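Quick look at coords_13.csv (CSV, C-alpha atoms):
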chain,number,residue,atom,x,y,z
A,1,MET,CA,61.3,-87.4,30.7
A,2,ASP,CA,64.3,-88.6,28.8
A,3,LYS,CA,67.1,-86.9,26.9
A,4,ILE,CA,65.0,-86.5,23.7
A,5,ASP,CA,62.0,-85.0,25.7
A,6,TYR,CA,64.3,-82.4,27.2
A,7,LEU,CA,65.9,-81.5,23.9
A,8,ILE,CA,62.5,-81.1,22.3
A,9,LEU,CA,61.3,-79.1,25.3
A,10,SER,CA,64.4,-76.9,25.0
A,11,GLU,CA,63.6,-76.1,21.3
A,12,LEU,CA,60.0,-75.2,22.1
A,13,LEU,CA,61.0,-73.0,25.1
A,14,LYS,CA,63.4,-71.1,22.8
A,15,ASN,CA,60.6,-70.6,20.2
A,16,GLY,CA,57.1,-71.7,20.9
A,17,GLN,CA,56.2,-71.5,17.2
A,18,ILE,CA,59.0,-73.8,15.9
A,19,SER,CA,57.6,-76.4,13.6
A,20,PHE,CA,57.9,-80.2,14.2
A,21,SER,CA,59.9,-80.5,11.0
A,22,ASP,CA,62.4,-77.9,12.1
A,23,ILE,CA,62.8,-79.6,15.5
A,24,SER,CA,63.2,-82.9,13.7
A,25,LYS,CA,66.0,-81.5,11.4
A,26,LYS,CA,67.8,-79.7,14.3
A,27,LEU,CA,67.9,-82.8,16.5
A,28,SER,CA,68.1,-85.4,13.7
A,29,ILE,CA,65.2,-87.4,15.0
A,30,ALA,CA,62.1,-88.5,13.1
A,31,PRO,CA,59.2,-86.0,12.7
A,32,PHE,CA,56.9,-88.7,14.0
A,33,THR,CA,59.0,-89.0,17.3
A,34,VAL,CA,58.9,-85.2,17.7
A,35,LYS,CA,55.1,-85.2,17.2
A,36,SER,CA,54.4,-88.0,19.6
A,37,ARG,CA,56.7,-86.7,22.3
A,38,TYR,CA,55.1,-83.3,21.9
A,39,SER,CA,51.6,-84.7,22.3
A,40,LYS,CA,52.7,-86.6,25.4
A,41,MET,CA,54.2,-83.5,27.0
A,42,VAL,CA,51.0,-81.5,26.2
A,43,LYS,CA,48.9,-84.4,27.7
A,44,ASP,CA,51.0,-84.5,30.8
A,45,GLY,CA,50.7,-80.8,31.4
A,46,ILE,CA,54.4,-80.1,30.9
A,47,LEU,CA,53.8,-77.9,27.9
A,48,GLN,CA,51.0,-75.6,28.9
A,49,LYS,CA,50.3,-72.8,26.4
A,50,ALA,CA,52.1,-71.0,23.6
A,51,ILE,CA,51.4,-67.3,23.4
A,52,ILE,CA,52.6,-65.1,20.5
A,53,ASN,CA,55.3,-62.6,21.5
A,54,ILE,CA,54.1,-59.0,21.2
A,55,ASP,CA,55.9,-55.7,21.9
A,56,LEU,CA,53.2,-53.7,23.6
A,57,ALA,CA,55.3,-50.5,23.2
A,58,LYS,CA,54.2,-50.6,19.6
A,59,LEU,CA,50.6,-50.5,20.6
A,60,GLY,CA,50.9,-47.6,23.0
A,61,TYR,CA,52.0,-49.1,26.3
A,62,GLN,CA,54.9,-47.8,28.3
A,63,GLY,CA,55.5,-50.6,30.8
A,64,LYS,CA,54.0,-53.1,33.1
A,65,VAL,CA,52.7,-52.6,36.6
A,66,PHE,CA,53.0,-55.2,39.4
A,67,LEU,CA,50.1,-54.7,41.8
A,68,LEU,CA,51.0,-56.0,45.3
A,69,ILE,CA,47.8,-56.7,47.0
A,70,THR,CA,46.9,-57.4,50.7
A,71,ASN,CA,43.7,-59.3,50.9
A,72,ALA,CA,41.1,-58.3,53.4
A,73,PRO,CA,41.0,-60.5,56.5
A,74,ASN,CA,38.5,-63.4,56.4
A,75,LYS,CA,38.0,-62.9,52.7
A,76,SER,CA,38.9,-65.6,50.2
A,77,LYS,CA,41.9,-65.0,48.0
A,78,LEU,CA,40.3,-67.0,45.2
A,79,GLU,CA,37.5,-64.5,45.2
A,80,THR,CA,39.9,-61.7,44.8
A,81,MET,CA,41.8,-63.5,42.0
A,82,GLU,CA,38.7,-64.1,40.1
A,83,ALA,CA,37.7,-60.5,40.3
A,84,LEU,CA,41.2,-59.3,39.4
A,85,LYS,CA,41.2,-61.3,36.2
A,86,SER,CA,38.2,-59.5,34.9
A,87,ILE,CA,39.7,-56.0,35.5
A,88,GLY,CA,40.8,-54.7,32.1
A,89,ASN,CA,44.4,-55.4,31.1
A,90,ILE,CA,45.3,-57.6,34.1
A,91,PHE,CA,46.7,-60.7,32.5
A,92,VAL,CA,48.3,-62.7,35.3
A,93,VAL,CA,47.3,-63.1,38.9
A,94,SER,CA,49.0,-65.3,41.5
A,95,GLU,CA,49.0,-65.9,45.2
A,96,ILE,CA,52.4,-65.0,46.8
A,97,ILE,CA,54.1,-65.7,50.1
A,98,GLY,CA,55.9,-62.7,51.5
A,99,PRO,CA,54.9,-59.2,52.5
A,100,TYR,CA,51.8,-59.3,50.2
A,101,ASP,CA,49.1,-61.9,49.5
A,102,LEU,CA,48.6,-61.5,45.8
A,103,ILE,CA,50.4,-60.2,42.7
A,104,ALA,CA,48.7,-59.0,39.5
A,105,ILE,CA,50.4,-57.9,36.4
A,106,ALA,CA,49.1,-55.5,33.7
A,107,PRO,CA,50.5,-53.3,31.0
A,108,VAL,CA,50.0,-49.6,31.4
A,109,THR,CA,50.0,-46.7,29.0
A,110,ASP,CA,50.7,-43.8,31.3
A,111,VAL,CA,50.5,-42.5,34.9
A,112,ASN,CA,46.7,-42.1,34.6
A,113,SER,CA,46.2,-45.7,33.6
A,114,VAL,CA,48.2,-46.8,36.6
A,115,ARG,CA,45.9,-44.8,38.8
A,116,THR,CA,42.7,-46.0,37.1
A,117,LEU,CA,43.9,-49.6,37.5
A,118,ILE,CA,44.7,-49.2,41.2
A,119,ASP,CA,41.4,-47.4,41.8
A,120,ASN,CA,39.5,-50.3,40.2
A,121,VAL,CA,41.4,-52.9,42.3
A,122,ARG,CA,40.8,-50.9,45.5
A,123,LYS,CA,37.1,-51.0,44.8
A,124,LEU,CA,37.0,-54.8,45.3
A,125,PRO,CA,35.5,-55.6,48.6
A,126,SER,CA,38.0,-58.4,49.3
A,127,VAL,CA,41.0,-56.2,48.8
A,128,GLN,CA,42.4,-54.3,51.8
A,129,ARG,CA,45.5,-52.6,50.4
A,130,VAL,CA,47.2,-52.1,47.0
A,131,GLN,CA,50.8,-51.2,46.5
A,132,PHE,CA,52.5,-51.2,43.2
A,133,THR,CA,55.8,-51.2,41.4
A,134,CYS,CA,56.3,-50.3,37.7
A,135,ILE,CA,58.8,-51.7,35.2
A,136,ASN,CA,59.5,-50.3,31.7
A,137,ASP,CA,59.6,-53.7,30.0
A,138,THR,CA,56.8,-53.9,27.5
A,139,MET,CA,57.2,-57.5,26.2
A,140,PHE,CA,54.1,-59.6,26.3
A,141,PRO,CA,53.4,-62.2,27.7
A,142,ILE,CA,56.8,-62.0,29.3
A,143,ASN,CA,60.4,-60.9,28.6
A,144,LYS,CA,62.2,-63.2,26.1
A,145,THR,CA,64.7,-64.1,28.9
A,146,TYR,CA,62.0,-66.5,30.1
A,147,GLY,CA,62.4,-68.7,27.1
A,148,GLU,CA,66.1,-68.4,26.9
A,149,VAL,CA,66.7,-69.2,30.5
A,150,LEU,CA,64.4,-72.2,30.6
A,151,SER,CA,65.6,-73.5,27.2
A,152,LYS,CA,69.2,-73.5,28.4
A,153,ARG,CA,68.0,-75.3,31.6
A,154,ALA,CA,66.2,-78.0,29.6
A,155,LYS,CA,69.3,-78.5,27.4
A,156,LYS,CA,71.5,-78.9,30.4
A,157,LEU,CA,69.2,-81.5,31.9
A,158,ALA,CA,69.3,-83.4,28.6
A,159,THR,CA,73.0,-83.9,28.9
A,160,GLU,CA,73.0,-84.9,32.6
B,1,MET,CA,57.6,-42.5,22.5
B,2,ALA,CA,57.5,-44.6,19.3
B,3,ALA,CA,54.5,-44.1,17.0
B,4,THR,CA,51.7,-46.4,17.8
B,5,VAL,CA,50.7,-49.0,15.3
B,6,LYS,CA,47.1,-48.9,14.3
B,7,LEU,CA,45.3,-52.2,14.2
B,8,ASP,CA,41.9,-52.9,12.6
B,9,ASP,CA,39.4,-55.5,13.6
B,10,LEU,CA,40.9,-58.2,11.5
B,11,ASP,CA,44.4,-57.6,13.0
B,12,LYS,CA,43.0,-57.8,16.5
B,13,ARG,CA,41.1,-61.0,15.7
B,14,ILE,CA,44.3,-62.6,14.3
B,15,LEU,CA,46.3,-61.5,17.3
B,16,ASN,CA,43.7,-62.8,19.7
B,17,VAL,CA,43.8,-66.3,18.1
B,18,LEU,CA,47.6,-66.2,18.4
B,19,ILE,CA,47.5,-65.1,22.0
B,20,ARG,CA,45.2,-68.0,22.7
B,21,ASP,CA,47.4,-70.5,20.9
B,22,ALA,CA,50.4,-69.3,19.0
B,23,ARG,CA,50.7,-72.7,17.3
B,24,THR,CA,47.3,-72.4,15.5
B,25,LYS,CA,47.6,-73.4,11.8
B,26,LEU,CA,47.4,-70.7,9.2
B,27,LYS,CA,44.2,-72.2,7.7
B,28,ASP,CA,42.5,-72.4,11.1
B,29,ILE,CA,43.3,-68.8,11.9
B,30,ALA,CA,41.9,-67.9,8.5
B,31,SER,CA,38.7,-69.8,9.0
B,32,GLU,CA,38.2,-68.5,12.5
B,33,CYS,CA,38.7,-64.9,11.3
B,34,GLY,CA,36.5,-65.4,8.2
B,35,THR,CA,39.2,-64.7,5.7
B,36,SER,CA,41.8,-66.4,3.6
B,37,SER,CA,45.3,-67.7,4.5
B,38,VAL,CA,46.9,-65.3,2.1
B,39,VAL,CA,45.3,-62.3,3.9
B,40,VAL,CA,46.3,-63.7,7.3
B,41,LEU,CA,49.8,-64.2,6.2
B,42,SER,CA,50.1,-60.7,4.8
B,43,ARG,CA,48.7,-59.2,8.0
B,44,ILE,CA,51.2,-61.2,10.1
B,45,LYS,CA,54.0,-60.0,7.8
B,46,ARG,CA,52.9,-56.4,8.3
B,47,LEU,CA,52.7,-56.8,12.1
B,48,LYS,CA,56.2,-58.3,12.0
B,49,GLU,CA,57.6,-55.4,9.9
B,50,ALA,CA,56.0,-53.0,12.3
B,51,LYS,CA,57.7,-54.9,15.1
B,52,VAL,CA,54.5,-55.5,17.0
B,53,LEU,CA,55.3,-59.2,16.6
B,54,THR,CA,58.8,-59.7,17.8
B,55,GLY,CA,59.2,-63.2,16.3
B,56,GLY,CA,58.2,-66.5,17.8
B,57,ALA,CA,56.1,-67.3,20.8
B,58,THR,CA,56.5,-68.0,24.5
B,59,PHE,CA,55.7,-71.6,25.5
B,60,PHE,CA,54.8,-71.7,29.2
B,61,SER,CA,55.8,-75.0,30.7
B,62,ASN,CA,55.5,-76.8,34.0
B,63,LEU,CA,58.6,-76.1,35.9
B,64,ALA,CA,58.8,-79.3,37.9
B,65,PRO,CA,60.5,-81.3,35.2
B,66,LEU,CA,63.1,-78.5,35.0
B,67,CYS,CA,63.7,-79.0,38.7
B,68,LEU,CA,62.7,-75.4,39.5
B,69,THR,CA,60.3,-75.5,42.3
B,70,ILE,CA,60.3,-71.8,43.1
B,71,ILE,CA,59.1,-68.7,41.2
B,72,ALA,CA,59.6,-65.4,43.0
B,73,THR,CA,59.4,-61.7,42.4
B,74,ILE,CA,62.4,-60.0,44.1
B,75,GLY,CA,62.1,-56.4,45.0
B,76,ILE,CA,65.1,-54.4,46.1
B,77,VAL,CA,65.2,-51.0,47.7
B,78,PHE,CA,68.5,-49.0,47.9
B,79,ASP,CA,69.6,-46.3,50.2
B,80,GLY,CA,71.5,-44.4,47.6
B,81,LYS,CA,73.4,-45.5,44.6
B,82,GLN,CA,72.6,-48.8,42.9
B,83,ASP,CA,74.9,-51.1,41.1
B,84,ASP,CA,73.9,-52.7,37.8
B,85,ARG,CA,76.1,-55.7,38.6
B,86,ILE,CA,73.4,-56.7,41.1
B,87,PHE,CA,71.6,-58.7,38.3
B,88,ASP,CA,74.7,-60.7,37.6
B,89,LEU,CA,74.8,-61.8,41.3
B,90,ILE,CA,71.1,-62.7,41.2
B,91,ALA,CA,71.7,-64.7,37.9
B,92,MET,CA,74.5,-66.6,39.6
B,93,GLU,CA,72.3,-68.1,42.2
B,94,THR,CA,69.0,-68.3,40.4
B,95,HIS,CA,67.5,-68.2,36.9
B,96,LEU,CA,66.9,-64.6,36.3
B,97,VAL,CA,64.0,-63.5,34.1
B,98,GLU,CA,62.8,-60.0,33.4
B,99,PRO,CA,65.3,-57.9,35.4
B,100,SER,CA,64.1,-54.3,35.5
B,101,VAL,CA,64.6,-50.9,37.0
B,102,SER,CA,61.4,-50.2,38.8
B,103,ILE,CA,59.4,-47.2,40.1
B,104,GLY,CA,57.1,-47.4,43.1
B,105,GLU,CA,57.5,-49.9,45.9
B,106,TYR,CA,60.9,-51.2,44.7
B,107,ASP,CA,63.9,-49.7,43.0
B,108,LEU,CA,64.7,-52.9,41.1
B,109,CYS,CA,62.5,-55.7,40.4
B,110,ALA,CA,63.2,-59.2,38.9
B,111,LEU,CA,61.4,-62.4,38.4
B,112,VAL,CA,63.5,-65.5,39.3
B,113,PHE,CA,63.3,-69.2,39.2
B,114,ALA,CA,65.2,-71.2,41.8
B,115,GLU,CA,65.8,-74.8,42.7
B,116,ASN,CA,65.0,-74.2,46.4
B,117,VAL,CA,64.5,-71.7,49.2
B,118,ALA,CA,68.1,-71.8,50.3
B,119,LYS,CA,69.2,-70.3,47.0
B,120,LEU,CA,66.8,-67.4,47.4
B,121,ASP,CA,67.9,-66.9,51.0
B,122,LYS,CA,71.5,-66.8,49.9
B,123,ILE,CA,70.7,-64.1,47.4
B,124,ALA,CA,68.8,-61.9,49.8
B,125,PHE,CA,71.8,-62.1,52.1
B,126,SER,CA,74.4,-61.3,49.5
B,127,LEU,CA,72.3,-58.4,48.1
B,128,ARG,CA,72.4,-56.7,51.4
B,129,GLU,CA,76.0,-57.6,52.2
B,130,ARG,CA,77.6,-56.8,48.9
B,131,PHE,CA,75.5,-54.2,47.4
B,132,GLY,CA,74.2,-52.4,50.4
B,133,ALA,CA,70.5,-53.0,49.4
B,134,ARG,CA,68.5,-51.5,52.2
B,135,LYS,CA,65.7,-53.9,51.9
B,136,VAL,CA,65.2,-57.0,49.9
B,137,PHE,CA,61.6,-58.3,49.5
B,138,ILE,CA,61.0,-61.8,48.2
B,139,ASN,CA,57.5,-62.7,47.1
B,140,VAL,CA,57.3,-66.4,46.3
B,141,TRP,CA,54.6,-67.3,43.9
B,142,SER,CA,52.4,-70.0,45.4
B,143,GLY,CA,49.5,-72.0,44.1
B,144,ILE,CA,48.7,-72.1,40.4
B,145,PRO,CA,48.9,-68.7,38.7
B,146,GLN,CA,45.8,-67.7,36.9
B,147,ASP,CA,46.0,-66.0,33.6
B,148,ASN,CA,43.7,-64.1,31.2
B,149,TYR,CA,46.0,-63.1,28.4
B,150,GLY,CA,43.1,-62.2,26.1
B,151,ASN,CA,42.3,-59.4,28.6
B,152,VAL,CA,44.9,-57.0,27.2
B,153,ASP,CA,43.5,-54.2,25.2
B,154,LEU,CA,45.4,-54.2,21.9
B,155,GLN,CA,44.5,-50.6,21.1
B,156,PRO,CA,44.7,-48.7,24.3
B,157,VAL,CA,45.4,-45.3,22.9
B,158,GLU,CA,42.5,-44.8,20.5
B,159,LYS,CA,39.9,-44.9,23.3
B,160,ARG,CA,41.3,-41.8,25.0
Same coordinates, now as structure tokens:
Amino acid sequence: MDKIDYLILSELLKNGQISFSDISKKLSIAPFTVKSRYSKMVKDGILQKAIINIDLAKLGYQGKVFLLITNAPNKSKLETMEALKSIGNIFVVSEIIGPYDLIAIAPVTDVNSVRTLIDNVRKLPSVQRVQFTCINDTMFPINKTYGEVLSKRAKKLATE
Amino acid sequence: MAATVKLDDLDKRILNVLIRDARTKLKDIASECGTSSVVVLSRIKRLKEAKVLTGGATFFSNLAPLCLTIIATIGIVFDGKQDDRIFDLIAMETHLVEPSVSIGEYDLCALVFAENVAKLDKIAFSLRERFGARKVFINVWSGIPQDNYGNVDLQPVEKR
């Protein structure tokens, strides 16, 4: 990754929908360069996926729940992750190191929807225990600070 | 709570394409949804006006080139009063994303990116020392997170 890659990455992290021509104008580099650098970053797995920003509050959600899951002993975590991904509304699942084994994130509409979700997760045979914590942020796929923070970081790396 | 925006089938199909890839070209969205570019554009415009779409997209990227090796969810539990300046402290040592007041297992919850474990450790220590946090939980994301962004119900209210 050179300076130009980092600058292009910074623009894309700030807004995943920015067009190649806008990047080219902003950075004063040829559109062809932007396109070829972009394709290379996609090919190398640096740029992974662009997801439209949605405010789920406008669709009836009140927040997001973080499910903190303890896996049952001798059961595979991968099995749990696969099963979690197919439970309605869970959109990210990850293994974690710490007091819990897995984290799953889903938007919730109200207290009942938290309960239904937890009940569904508890039913999984490879799950031993489910704790949760709720936040009132409703931005999907993630709060916009994600892009801002990483965009700044990429810009800083470009100048180093 | 704000009024919920009603979406019809076409709105949902358009949103699903943009959730899968926010950089899909207008004409490709139109052909996939079996309609014209003009219709797609007017639907997107309506969704922006209704603030369902908050502008732009989130580009998820590999964090290795940004020299951020750690993603963690930090959960903080207080004895009594909590201090909002706590997030400033977290932001100083790490890259803070999605800081939130939380209900459930934790009182405050934040997602952070850090260069290394030492930085996280320093935070956990200062949160206890300076802010009197009773407990600080750090759940470090490990392995490759799995996602299923298309799993979110875009009209959760109408089914009740």
Can you work out which one of A:Lys40, A:Arg153, A:Lys64, A:Arg122 has the shortest atom-to-atom distance to chain B, counting only C-alpha atoms?
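For chain B, the nearest of the candidates is A:Arg153.
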For chain B, which of A:Lys49, A:Lys152, A:Lys3, A:Lys77 is the closest residue, counting all atoms listed in the file?
A:Lys49
Which is closer to Val157 (chain B) than all the others in A:Met41, A:Ala30, A:Ile46, A:Leu56, using all atoms listed in the file?
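Among the listed residues, A:Leu56 lies closest to Val157 (chain B).
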So how many Å separate CA of Val77 (chain B) and CA of Cys134 (chain A), to one decimal?
13.4 Å
Write out as CSV the residues of chain A that have any atom within 7 Å of an atom of chain B, one row each with the nearest atom pair and its distance in Å to one decimal, counting only C-alpha atoms, sorted by chain and then rising number.
residue,atom,partner,partner_atom,distance
A:Leu12,CA,B:Phe59,CA,6.6
A:Leu13,CA,B:Phe59,CA,5.5
A:Asn15,CA,B:Gly56,CA,5.3
A:Gly16,CA,B:Ala57,CA,4.5
A:Gln17,CA,B:Gly56,CA,5.4
A:Gly45,CA,B:Asn62,CA,6.8
A:Ile46,CA,B:Asn62,CA,4.7
A:Leu47,CA,B:Ser61,CA,4.5
A:Gln48,CA,B:Ser61,CA,5.2
A:Lys49,CA,B:Phe60,CA,5.4
A:Ala50,CA,B:Phe59,CA,4.1
A:Ile51,CA,B:Ile19,CA,4.7
A:Ile52,CA,B:Ala57,CA,4.1
A:Asn53,CA,B:Ala57,CA,4.8
A:Ile54,CA,B:Leu53,CA,4.8
A:Asp55,CA,B:Val52,CA,5.1
A:Leu56,CA,B:Val52,CA,7.0
A:Lys58,CA,B:Thr4,CA,5.2
A:Leu59,CA,B:Thr4,CA,5.1
A:Gly60,CA,B:Thr4,CA,5.4
A:Lys85,CA,B:Asn148,CA,6.3
A:Gly88,CA,B:Asn151,CA,6.0
A:Asn89,CA,B:Val152,CA,4.2
A:Ile90,CA,B:Asn151,CA,6.5
A:Phe91,CA,B:Asn148,CA,4.7
A:Val92,CA,B:Asp147,CA,4.4
A:Val93,CA,B:Gln146,CA,5.2
A:Ser94,CA,B:Pro145,CA,4.4
A:Glu95,CA,B:Ser142,CA,5.3
A:Ile96,CA,B:Trp141,CA,4.3
A:Ile97,CA,B:Val140,CA,5.0
A:Gly98,CA,B:Asn139,CA,4.7
A:Pro99,CA,B:Asn139,CA,6.9
A:Gln131,CA,B:Glu105,CA,6.9
A:Phe132,CA,B:Glu105,CA,5.8
A:Thr133,CA,B:Gly104,CA,4.4
A:Cys134,CA,B:Ile103,CA,5.0
A:Ile135,CA,B:Ser102,CA,4.7
A:Asn143,CA,B:Glu98,CA,5.4
A:Thr145,CA,B:Val97,CA,5.3
A:Tyr146,CA,B:Val97,CA,5.4
A:Gly147,CA,B:Thr58,CA,6.5
A:Val149,CA,B:His95,CA,6.5
A:Arg153,CA,B:Leu66,CA,6.8
A:Ala154,CA,B:Leu66,CA,6.2
As JSON, please: the centre and edge lengths in Å, to one decimal, of an axis-aligned box enclosing every listed atom of region 50-67 of chain A with 8 Å added on each side.
{"center_x": 53.0, "center_y": -59.3, "center_z": 30.7, "size_x": 21.8, "size_y": 39.4, "size_z": 38.2}
